[in-house]
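File shown: protein_17.cif. Contents: mmCIF, C-alpha atoms and all ligand atoms.
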```
data_data
loop_
_atom_site.label_atom_id
_atom_site.label_comp_id
_atom_site.auth_asym_id
_atom_site.auth_seq_id
_atom_site.Cartn_x
_atom_site.Cartn_y
_atom_site.Cartn_z
CA MET A 1 0.00 0.00 0.00
CA ALA A 2 2.84 2.39 0.81
CA ALA A 3 4.48 1.65 -2.54
CA LEU A 4 1.20 2.23 -4.38
CA SER A 5 0.73 5.47 -2.49
CA ARG A 6 4.14 6.67 -3.64
CA VAL A 7 3.45 5.75 -7.25
CA LEU A 8 0.16 7.62 -7.15
CA SER A 9 1.87 10.67 -5.66
CA VAL A 10 4.43 10.71 -8.44
CA ILE A 11 1.78 10.40 -11.17
CA ASP A 12 -0.47 12.93 -9.47
CA GLY A 13 2.38 15.41 -9.23
CA GLY A 14 3.16 15.34 -12.97
CA GLY A 15 6.58 15.98 -14.53
CA PRO A 16 8.99 13.75 -16.49
CA VAL A 17 9.08 10.80 -14.09
CA ALA A 18 5.29 10.79 -14.02
CA GLN A 19 5.29 10.81 -17.80
CA ARG A 20 7.54 7.74 -17.90
CA LEU A 21 5.25 5.95 -15.46
CA VAL A 22 2.22 6.92 -17.52
CA ARG A 23 3.87 5.44 -20.61
CA ALA A 24 4.75 2.21 -18.83
CA LEU A 25 1.33 1.81 -17.27
CA HIS A 26 -0.40 2.53 -20.55
CA GLN A 27 0.79 -0.86 -21.85
CA LEU A 28 -1.19 -2.79 -19.28
CA GLU A 29 -4.57 -4.27 -19.96
CA ARG A 30 -7.00 -3.42 -17.23
CA GLN A 31 -8.31 -6.14 -14.95
CA ALA A 32 -10.11 -4.19 -12.25
CA VAL A 33 -13.64 -2.91 -12.50
CA VAL A 34 -13.85 0.89 -12.27
CA VAL A 35 -16.94 2.58 -10.85
CA GLY A 36 -17.30 6.37 -10.89
CA PHE A 37 -19.47 8.34 -8.46
CA THR A 38 -20.25 11.95 -9.20
CA GLY A 39 -22.84 14.54 -8.24
CA PRO A 40 -23.20 17.78 -6.32
CA PRO A 41 -21.31 18.29 -3.05
CA GLY A 42 -23.30 17.10 -0.08
CA ALA A 43 -25.39 14.58 -2.02
CA GLY A 44 -23.86 11.82 0.06
CA LYS A 45 -21.36 10.34 -2.38
CA SER A 46 -18.70 9.57 0.22
CA THR A 47 -21.23 8.10 2.63
CA LEU A 48 -22.71 6.00 -0.16
CA ILE A 49 -19.28 4.82 -1.30
CA ASN A 50 -18.55 3.85 2.28
CA ALA A 51 -21.71 1.72 2.34
CA TYR A 52 -20.89 0.25 -1.08
CA ILE A 53 -17.40 -0.66 0.13
CA ARG A 54 -18.97 -2.42 3.12
CA HIS A 55 -21.16 -4.38 0.71
CA LEU A 56 -18.22 -5.33 -1.51
CA ARG A 57 -16.09 -6.35 1.48
CA GLN A 58 -18.80 -8.75 2.60
CA LEU A 59 -18.36 -10.44 -0.77
CA GLY A 60 -14.60 -10.60 -0.22
CA THR A 61 -13.84 -8.09 -2.98
CA SER A 62 -10.87 -5.76 -2.47
CA VAL A 63 -11.62 -2.09 -3.04
CA ALA A 64 -9.53 0.98 -3.77
CA ALA A 65 -11.32 4.32 -3.54
CA LEU A 66 -9.81 7.44 -5.09
CA ALA A 67 -11.40 10.77 -4.23
CA VAL A 68 -10.72 13.53 -6.70
CA ASP A 69 -11.62 17.13 -6.15
CA PRO A 70 -10.79 18.94 -9.37
CA SER A 71 -12.58 22.11 -8.30
CA SER A 72 -10.08 22.94 -5.57
CA PRO A 73 -6.55 21.77 -6.34
CA LYS A 74 -5.19 22.57 -2.90
CA SER A 75 -8.36 21.50 -1.16
CA GLY A 76 -8.56 20.24 2.33
CA GLY A 77 -12.29 20.18 2.97
CA ALA A 78 -13.74 17.52 0.73
CA ILE A 79 -10.71 15.33 1.05
CA LEU A 80 -10.57 15.35 4.81
CA GLY A 81 -14.30 14.78 4.81
CA ASP A 82 -13.82 11.71 2.66
CA ARG A 83 -11.11 10.41 4.96
CA ALA A 84 -13.43 10.74 7.90
CA ARG A 85 -16.39 9.16 6.19
CA MET A 86 -14.46 6.24 4.75
CA GLY A 87 -12.59 5.93 8.02
CA GLU A 88 -14.37 2.81 9.18
CA HIS A 89 -12.25 0.86 6.68
CA VAL A 90 -8.82 2.13 7.72
CA THR A 91 -7.88 -1.04 9.52
CA ASP A 92 -9.09 -3.29 6.68
CA SER A 93 -6.18 -4.40 4.48
CA GLY A 94 -8.70 -5.07 1.70
CA VAL A 95 -9.50 -1.37 1.40
CA PHE A 96 -7.30 1.40 0.02
CA VAL A 97 -8.49 5.00 0.27
CA ARG A 98 -6.64 7.86 -1.33
CA SER A 99 -7.35 11.50 -2.10
CA LEU A 100 -5.97 13.04 -5.27
CA SER A 101 -5.48 16.70 -5.94
CA ALA A 102 -5.72 16.76 -9.75
CA ARG A 103 -3.67 19.87 -9.21
CA GLY A 104 -3.60 22.72 -11.58
CA HIS A 105 -5.70 21.15 -14.29
CA LEU A 106 -8.65 23.25 -15.17
CA GLY A 107 -11.81 21.25 -15.31
CA GLY A 108 -10.78 17.81 -14.51
CA LEU A 109 -8.87 14.76 -13.83
CA THR A 110 -6.55 14.95 -16.83
CA LEU A 111 -5.31 11.96 -18.74
CA ASN A 112 -3.37 11.02 -15.63
CA ILE A 113 -6.51 9.47 -14.26
CA HIS A 114 -6.02 6.60 -16.68
CA ALA A 115 -2.50 6.06 -15.37
CA LEU A 116 -3.65 6.35 -11.77
CA VAL A 117 -6.31 3.74 -12.40
CA HIS A 118 -3.78 1.50 -14.16
CA ALA A 119 -1.39 1.82 -11.22
CA VAL A 120 -4.06 0.78 -8.73
CA ASP A 121 -5.11 -2.01 -11.06
CA ALA A 122 -1.55 -3.29 -11.40
CA ALA A 123 -1.33 -3.40 -7.62
CA GLY A 124 -4.10 -5.98 -7.76
CA TRP A 125 -7.23 -4.26 -6.47
CA ASP A 126 -10.49 -5.79 -7.69
CA VAL A 127 -12.74 -2.76 -7.72
CA ILE A 128 -11.60 0.84 -8.14
CA ILE A 129 -14.01 3.54 -7.05
CA LEU A 130 -13.62 7.13 -8.21
CA GLU A 131 -15.38 9.97 -6.45
CA THR A 132 -15.52 13.43 -7.94
CA VAL A 133 -17.47 16.55 -7.16
CA GLY A 134 -19.91 17.49 -9.87
CA ALA A 135 -17.99 20.33 -11.47
CA GLY A 136 -18.94 20.17 -15.12
CA GLN A 137 -16.11 18.68 -17.09
CA SER A 138 -14.98 16.32 -14.34
CA GLU A 139 -18.03 14.05 -14.58
CA VAL A 140 -17.53 13.73 -18.27
CA GLU A 141 -13.96 12.72 -17.64
CA ILE A 142 -14.91 10.21 -14.99
CA CYS A 143 -17.24 8.43 -17.39
CA ARG A 144 -14.39 8.03 -19.86
CA VAL A 145 -12.48 6.03 -17.27
CA ALA A 146 -15.25 4.29 -15.38
CA ASP A 147 -16.95 1.11 -16.54
CA ALA A 148 -20.07 2.36 -14.76
CA SER A 149 -20.89 5.98 -13.90
CA VAL A 150 -23.19 6.58 -10.96
CA VAL A 151 -24.65 10.07 -10.62
CA VAL A 152 -25.75 10.78 -7.06
CA ASN A 153 -28.37 13.35 -6.17
CA SER A 154 -30.35 14.05 -3.06
CA PRO A 155 -33.41 16.08 -2.17
CA GLY A 156 -32.98 19.49 -0.67
CA LEU A 157 -29.83 20.56 -2.46
CA GLY A 158 -31.93 22.86 -4.61
CA ASP A 159 -29.77 22.45 -7.65
CA GLU A 160 -30.53 18.91 -8.71
CA VAL A 161 -32.11 20.04 -11.91
CA GLN A 162 -29.29 22.44 -12.77
CA ALA A 163 -26.76 19.73 -12.13
CA MET A 164 -28.67 17.52 -14.53
CA LYS A 165 -28.68 20.25 -17.14
CA ALA A 166 -24.91 20.33 -17.08
CA GLY A 167 -24.96 17.22 -19.18
CA ILE A 168 -24.83 14.76 -16.32
CA LEU A 169 -27.76 12.80 -17.66
CA GLU A 170 -25.76 12.00 -20.75
CA ILE A 171 -23.03 10.31 -18.81
CA ALA A 172 -25.05 8.51 -16.13
CA ASP A 173 -25.36 4.75 -16.35
CA ILE A 174 -27.20 4.80 -13.05
CA LEU A 175 -28.97 7.63 -11.26
CA VAL A 176 -29.13 7.47 -7.48
CA VAL A 177 -31.40 9.56 -5.33
CA ASN A 178 -29.74 9.36 -1.94
CA LYS A 179 -31.19 10.53 1.40
CA ALA A 180 -34.40 8.65 0.72
CA ASP A 181 -35.13 9.16 4.41
CA LEU A 182 -35.65 12.88 3.81
CA PRO A 183 -38.87 14.47 2.62
CA GLY A 184 -38.68 15.40 -1.03
CA ALA A 185 -36.90 12.26 -2.18
CA ALA A 186 -39.93 11.05 -4.11
CA ASN A 187 -40.15 14.44 -5.77
CA THR A 188 -36.51 14.29 -6.85
CA VAL A 189 -37.06 10.80 -8.27
CA GLN A 190 -40.02 12.12 -10.20
CA GLN A 191 -38.05 15.05 -11.63
CA LEU A 192 -35.22 12.81 -12.74
CA THR A 193 -37.50 10.19 -14.22
CA GLY A 194 -39.26 12.95 -16.13
CA MET A 195 -35.98 14.24 -17.50
CA LEU A 196 -34.92 10.75 -18.52
CA ALA A 197 -38.19 10.28 -20.36
CA LEU A 198 -37.54 13.48 -22.32
CA ARG A 199 -34.41 12.02 -23.82
CA SER A 200 -36.11 8.91 -25.10
CA GLY A 201 -34.60 7.25 -28.11
CA VAL A 202 -31.12 7.26 -26.63
CA GLY A 203 -31.52 3.52 -26.43
CA ARG A 204 -30.11 3.12 -23.00
CA ASP A 205 -32.05 2.36 -19.85
CA VAL A 206 -30.85 4.40 -16.92
CA PRO A 207 -32.22 3.02 -13.68
CA VAL A 208 -33.16 5.47 -10.93
CA ILE A 209 -32.37 3.97 -7.54
CA THR A 210 -33.16 5.39 -4.13
CA THR A 211 -30.74 4.88 -1.27
CA THR A 212 -30.24 5.90 2.32
CA ALA A 213 -26.49 5.77 2.58
CA THR A 214 -26.51 6.31 6.33
CA SER A 215 -28.54 3.15 6.95
CA GLY A 216 -27.45 1.15 3.90
CA ASP A 217 -30.97 0.93 2.47
CA GLY A 218 -30.92 0.50 -1.29
CA VAL A 219 -27.18 -0.09 -1.46
CA GLU A 220 -27.60 -3.69 -2.53
CA ALA A 221 -29.95 -2.66 -5.35
CA MET A 222 -27.41 -0.06 -6.42
CA ALA A 223 -24.60 -2.63 -6.31
CA TYR A 224 -26.68 -4.95 -8.47
CA ALA A 225 -27.34 -2.21 -11.03
CA ILE A 226 -23.62 -1.37 -11.09
CA GLY A 227 -22.81 -5.03 -11.69
CA GLU A 228 -25.23 -5.14 -14.62
CA VAL A 229 -23.37 -2.28 -16.28
CA THR A 230 -19.80 -3.32 -15.48
CA SER A 231 -20.41 -6.83 -16.74
CA GLN A 232 -20.77 -5.29 -20.22
CA ALA A 233 -17.33 -3.65 -20.14
CA THR A 234 -14.86 -4.81 -22.78
CA PRO A 235 -11.22 -3.94 -23.52
CA THR A 236 -12.32 -2.44 -26.83
CA GLY A 237 -14.94 -0.28 -25.15
CA ARG A 238 -12.38 0.90 -22.63
CA ALA A 239 -9.90 1.78 -25.35
CA VAL A 240 -12.53 3.73 -27.27
CA ARG A 241 -13.36 5.71 -24.14
CA ALA A 242 -9.71 6.44 -23.40
CA ARG A 243 -9.15 7.67 -26.96
CA ALA A 244 -12.23 9.90 -26.85
CA HIS A 245 -10.94 11.34 -23.59
CA ALA A 246 -7.51 12.07 -25.04
CA ALA A 247 -9.10 13.65 -28.13
CA ASP A 248 -11.20 15.94 -25.91
CA LEU A 249 -8.17 17.01 -23.92
CA ILE A 250 -6.17 17.73 -27.07
CA ALA A 251 -9.02 19.78 -28.52
CA ASP A 252 -9.30 21.73 -25.26
CA ALA A 253 -5.59 22.41 -25.16
CA ALA A 254 -5.61 23.50 -28.81
CA ALA A 255 -8.56 25.82 -28.21
CA ASN A 256 -6.72 27.39 -25.28
CA GLN A 257 -3.64 27.95 -27.42
CA VAL A 258 -5.66 29.53 -30.20
CA ARG A 259 -7.30 31.81 -27.66
CA ALA A 260 -3.92 32.86 -26.32
CA LEU A 261 -2.52 33.44 -29.82
CA MET A 262 -5.52 35.53 -30.81
CA GLY A 263 -5.18 37.58 -27.66
CA ASN A 264 -1.54 38.32 -28.46
CA THR A 265 -1.53 38.96 -32.14
CA VAL A 266 -4.84 39.98 -33.55
CA ASN A 267 -6.15 42.65 -31.27
CA ASP A 268 -6.59 45.28 -33.97
CA ARG A 269 -7.90 42.75 -36.40
CA LEU A 270 -10.23 41.48 -33.71
CA ASP A 271 -11.67 44.97 -33.20
CA GLU A 272 -12.40 45.13 -36.91
CA LEU A 273 -14.00 41.71 -36.91
CA THR A 274 -16.05 42.56 -33.85
CA GLN A 275 -17.42 45.61 -35.65
CA ALA A 276 -18.19 43.53 -38.71
CA VAL A 277 -20.10 40.99 -36.66
CA LEU A 278 -22.03 43.63 -34.74
CA SER A 279 -23.02 45.40 -37.93
CA GLY A 280 -24.13 42.15 -39.51
CA GLU A 281 -21.48 42.25 -42.21
CA LEU A 282 -20.05 38.91 -41.12
CA ASP A 283 -21.51 36.13 -39.07
CA VAL A 284 -19.54 34.76 -36.11
CA THR A 285 -18.28 31.71 -37.98
CA GLN A 286 -16.99 33.82 -40.86
CA ALA A 287 -15.29 36.17 -38.42
CA ALA A 288 -13.72 33.25 -36.60
CA GLU A 289 -12.34 31.92 -39.87
CA LYS A 290 -10.80 35.29 -40.66
CA ALA A 291 -9.35 35.55 -37.16
CA LEU A 292 -7.84 32.09 -37.46
CA ARG A 293 -6.40 32.91 -40.86
CA SER A 294 -4.72 35.99 -39.38
CA ILE A 295 -2.79 33.72 -37.01
CA GLY A 296 -1.92 31.31 -39.77
CA ILE A 297 -4.62 28.69 -39.29
CA GLU A 298 -6.66 27.70 -42.32
CA SER A 299 -9.95 26.30 -41.10
CA PRO A 300 -11.10 23.17 -42.89
CA THR A 301 -14.38 24.21 -44.49
N1 LIG B 401 -30.33 12.04 6.09
C1 LIG B 401 -29.33 11.54 5.37
N2 LIG B 401 -28.12 12.15 5.37
C2 LIG B 401 -27.13 11.61 4.63
C3 LIG B 401 -27.33 10.44 3.85
N3 LIG B 401 -26.17 10.18 3.19
C4 LIG B 401 -25.30 11.13 3.56
N4 LIG B 401 -25.86 11.99 4.43
C5 LIG B 401 -25.23 13.16 5.04
O1 LIG B 401 -25.01 14.16 4.07
C6 LIG B 401 -23.82 14.89 4.33
C7 LIG B 401 -22.92 14.88 3.14
O2 LIG B 401 -22.46 13.56 2.89
P1 LIG B 401 -21.15 13.25 2.05
O3 LIG B 401 -21.08 11.77 1.95
O4 LIG B 401 -19.97 13.96 2.58
O5 LIG B 401 -21.54 13.91 0.65
P2 LIG B 401 -20.59 14.15 -0.63
O6 LIG B 401 -20.16 15.58 -0.59
O7 LIG B 401 -21.51 13.92 -1.81
O8 LIG B 401 -19.46 13.19 -0.58
C8 LIG B 401 -23.19 14.22 5.56
O9 LIG B 401 -23.54 14.97 6.70
C9 LIG B 401 -23.85 12.85 5.59
O10 LIG B 401 -23.93 12.31 6.89
C10 LIG B 401 -28.63 9.82 3.86
O11 LIG B 401 -28.88 8.79 3.21
N5 LIG B 401 -29.58 10.42 4.64
MG MG B 402 -17.39 13.42 -0.71
#
```
Show this structure as structure tokens.
Amino acid sequence: MAALSRVLSVIDGGGPVAQRLVRALHQLERQAVVVGFTGPPGAGKSTLINAYIRHLRQLGTSVAALAVDPSSPKSGGAILGDRARMGEHVTDSGVFVRSLSARGHLGGLTLNIHALVHAVDAAGWDVIILETVGAGQSEVEICRVADASVVVNSPGLGDEVQAMKAGILEIADILVVNKADLPGAANTVQQLTGMLALRSGVGRDVPVITTTATSGDGVEAMAYAIGEVTSQATPTGRAVRARAHAADLIADAAANQVRALMGNTVNDRLDELTQAVLSGELDVTQAAEKALRSIGIESPT
């Protein structure tokens, strides 16, 4: 466990040694099952993961849980909270809990998450759980790595629906309404079911499961639903997801570079183009093409 911890620290920290490790780990075929949990802060993800770990341990399955908080690179709060909530397992040698900083990377886990998962996998853990705060891009990234993505909500957060709008529905394999012991849970279920119905034709059944993480109610049903999804995972599917993830990150990085270049070199030109767009002379796409051309990029139209 200490060795694995060190490896994770090196990868998490980035730099040339991390890069070498990433390259080495990339060669490995994954054995472990990876389950991602995401959703708004306070929904009960850590508590639910704790209960899920208890369930898996009863089956004799070893579990590594990685908590990632991409929204606050230097964070203490969420991470310490996770430590405390998953604390019941600290003396169990079949459980590994680790917080990751995802430091410095805007909007997510970065490609390193694949290497981190590979490292844990290579160390022989059966199930790898990822927890991330619902912060836009990070859920999307988690679903690229996870064989099953569980989106956790709870009544009374007030922003369930907004969180769903942020594209979470698209990535959820399973929706959980936690805190079923609180009033309003049925209402939240209804909202989510309604939203799922609106996106009919996607051809994918997303079960909505209610849980009370504090008592363990519903955790077995959730575990069953997770098993249904993870049993479909294939090496090919995993590779496709990893490639899509890398492509997204490259596109993001390229967009950032273009933005920076435009900021540096085409200010006057940009003023002109802005005027042209505002006066209706050019549409935004045409203006963008001209702006790109002025920094030497021919757009493929
Ligand atoms: N009433 C109730 N409270 C819960 C339940 N699950 C978690 N909580 C509480 O909700 C708070 C946030 O839980 P936490 O697991 O840290 O949420 P996270 O931010 O999503 O990881 C804590 O005070 C938990 O004790 C539940 O099923 N019912
Ligand atoms: Mg948490």
Chain A residues near ligand LIG 401 (chain B) within 7 Å, closest pair each, using only C-alpha atoms and all ligand atoms, as CSV:
```
residue,atom,partner,partner_atom,distance
A:Gly39,CA,B:LIG401,O7,6.6
A:Pro40,CA,B:LIG401,O7,6.2
A:Pro41,CA,B:LIG401,O6,3.8
A:Gly42,CA,B:LIG401,O6,3.5
A:Ala43,CA,B:LIG401,O7,3.9
A:Gly44,CA,B:LIG401,O5,3.2
A:Lys45,CA,B:LIG401,O7,3.6
A:Ser46,CA,B:LIG401,O3,3.7
A:Thr47,CA,B:LIG401,O3,3.7
A:Leu48,CA,B:LIG401,O3,6.4
A:Ala78,CA,B:LIG401,O6,6.8
A:Gly81,CA,B:LIG401,O4,6.1
A:Asp82,CA,B:LIG401,O4,6.5
A:Arg85,CA,B:LIG401,O3,6.8
A:Asn178,CA,B:LIG401,O11,5.3
A:Lys179,CA,B:LIG401,O11,3.4
A:Ala180,CA,B:LIG401,O11,6.1
A:Asp181,CA,B:LIG401,N5,5.7
A:Leu182,CA,B:LIG401,N1,5.8
A:Thr211,CA,B:LIG401,O11,6.2
A:Thr212,CA,B:LIG401,O11,3.3
A:Ala213,CA,B:LIG401,O11,3.9
A:Thr214,CA,B:LIG401,O11,4.6
A:Ser215,CA,B:LIG401,O11,6.8
```
| task | Go through A:Met1, A:Val133, A:Leu169, A:Val240 one by one, measure the shortest atom-to-atom distance of each to ligand MG 402 (chain B) using only C-alpha atoms and all ligand atoms, and give the residue with the smallest value. | result |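 Nearest to ligand MG 402 (chain B): A:Val133.
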Which neighbours of region 227-239 of chain A fall inside 10 Å, counting only C-alpha atoms, when residues of the same chain fewer than 3 positions from it are skipped, and could you give them as a tab-separated table (two decimals) with C-alpha atoms, in the frame of the given file?
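New file around.tsv:
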```
chain	number	residue	atom	x	y	z
A	29	GLU	CA	-4.57	-4.27	-19.96
A	30	ARG	CA	-7.00	-3.42	-17.23
A	31	GLN	CA	-8.31	-6.14	-14.95
A	33	VAL	CA	-13.64	-2.91	-12.50
A	34	VAL	CA	-13.85	0.89	-12.27
A	35	VAL	CA	-16.94	2.58	-10.85
A	144	ARG	CA	-14.39	8.03	-19.86
A	145	VAL	CA	-12.48	6.03	-17.27
A	146	ALA	CA	-15.25	4.29	-15.38
A	147	ASP	CA	-16.95	1.11	-16.54
A	148	ALA	CA	-20.07	2.36	-14.76
A	149	SER	CA	-20.89	5.98	-13.90
A	173	ASP	CA	-25.36	4.75	-16.35
A	174	ILE	CA	-27.20	4.80	-13.05
A	221	ALA	CA	-29.95	-2.66	-5.35
A	222	MET	CA	-27.41	-0.06	-6.42
A	223	ALA	CA	-24.60	-2.63	-6.31
A	224	TYR	CA	-26.68	-4.95	-8.47
A	242	ALA	CA	-9.71	6.44	-23.40
A	243	ARG	CA	-9.15	7.67	-26.96
A	244	ALA	CA	-12.23	9.90	-26.85
A	245	HIS	CA	-10.94	11.34	-23.59
```
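From CA of Gly156 (chain A) back to CA of Ala185 (chain A), the distance works out to 8.4 Å.
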| task | Would you work out the distance separating CA of Leu270 (chain A) from CA of Ala253 (chain A), expressed in Å to one decimal? | result |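 A separation of 21.4 Å between them.
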3 Å per side around region 96-100 of chain A: axis-aligned box centre and edge lengths, as JSON:
```
{"center_x": -7.2, "center_y": 7.2, "center_z": -2.5, "size_x": 8.5, "size_y": 17.6, "size_z": 11.5}
```
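Atom to atom, CA of Thr132 (chain A) and CA of Ile113 (chain A) stand 11.7 Å apart.
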| query | Between A:Ala67, A:Val151, A:Val7, A:Ile171, which has the minimum distance to ligand MG 402 (chain B) (counting all atoms listed in the file)? | reply |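 Closest to ligand MG 402 (chain B) of all the choices is A:Ala67.
Within the 10 Å cut-off around Leu175 (chain A), using all atoms listed in the file and omitting residues fewer than 5 positions from it on the same chain, the listed residues are A:Phe37, A:Thr38, A:Gly39, A:Ser149, A:Val150, A:Val151, A:Val152, A:Asn153, A:Ile168, A:Leu169, A:Val189, A:Leu192, A:Thr193, A:Leu196, A:Val206, A:Pro207, A:Val208, A:Ile209, A:Thr210, A:Met222, A:Ala225.
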| said: List as a ChimeraX atom specification the protein and nucleic acid residues near Arg269 (chain A), meaning an atom at most 12 Å away when only C-alpha atoms are counted, but skip any in the same chain fewer than 6 places from it. | reply: /A:262-263,275-276,287-288,290-295
| request: Considering all atoms listed in the file, state which residue in the set A:Leu130, A:Leu25, A:Ala64, A:Ile53 is at the smallest distance from ligand MG 402 (chain B). | output: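 Counting all atoms listed in the file, the residue closest to ligand MG 402 (chain B) is A:Leu130.
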| note | For Arg98 (chain A), the closest of A:Asp121, A:Tyr52, A:Leu4, A:Ser62 counting all atoms listed in the file is A:Leu4
| request: For each of A:Asp12, A:Glu272, A:Glu220, A:Asp205, take the minimum atom-to-atom distance to Ala51 (chain A), counting only C-alpha atoms, then give the residue where this is smallest. | output: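 Smallest distance to Ala51 (chain A) is found for A:Glu220.
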Would you fill out region 38-50 of chain A with N, CA and C atoms and return it as a CSV table (one decimal), keeping the file's coordinate frame?
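So the final result, stored in selection31.csv, reads:
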```csv
chain,number,residue,atom,x,y,z
A,38,THR,N,-20.3,10.5,-9.1
A,38,THR,CA,-20.2,12.0,-9.2
A,38,THR,C,-21.6,12.6,-8.8
A,39,GLY,N,-21.6,13.9,-8.7
A,39,GLY,CA,-22.8,14.5,-8.2
A,39,GLY,C,-22.5,15.7,-7.4
A,40,PRO,N,-23.5,16.6,-7.1
A,40,PRO,CA,-23.2,17.8,-6.3
A,40,PRO,C,-22.6,17.5,-4.9
A,41,PRO,N,-21.9,18.4,-4.4
A,41,PRO,CA,-21.3,18.3,-3.0
A,41,PRO,C,-22.4,18.2,-2.0
A,42,GLY,N,-22.3,17.3,-1.1
A,42,GLY,CA,-23.3,17.1,-0.1
A,42,GLY,C,-24.4,16.1,-0.4
A,43,ALA,N,-24.4,15.5,-1.6
A,43,ALA,CA,-25.4,14.6,-2.0
A,43,ALA,C,-25.3,13.3,-1.2
A,44,GLY,N,-24.1,13.0,-0.7
A,44,GLY,CA,-23.9,11.8,0.1
A,44,GLY,C,-23.0,10.8,-0.6
A,45,LYS,N,-22.2,11.3,-1.6
A,45,LYS,CA,-21.4,10.3,-2.4
A,45,LYS,C,-20.4,9.5,-1.5
A,46,SER,N,-19.7,10.3,-0.6
A,46,SER,CA,-18.7,9.6,0.2
A,46,SER,C,-19.4,8.6,1.2
A,47,THR,N,-20.5,9.0,1.7
A,47,THR,CA,-21.2,8.1,2.6
A,47,THR,C,-21.7,6.9,1.9
A,48,LEU,N,-22.2,7.1,0.7
A,48,LEU,CA,-22.7,6.0,-0.2
A,48,LEU,C,-21.6,5.1,-0.6
A,49,ILE,N,-20.4,5.6,-0.9
A,49,ILE,CA,-19.3,4.8,-1.3
A,49,ILE,C,-18.9,4.0,-0.1
A,50,ASN,N,-18.9,4.6,1.1
A,50,ASN,CA,-18.6,3.8,2.3
A,50,ASN,C,-19.5,2.6,2.4
```
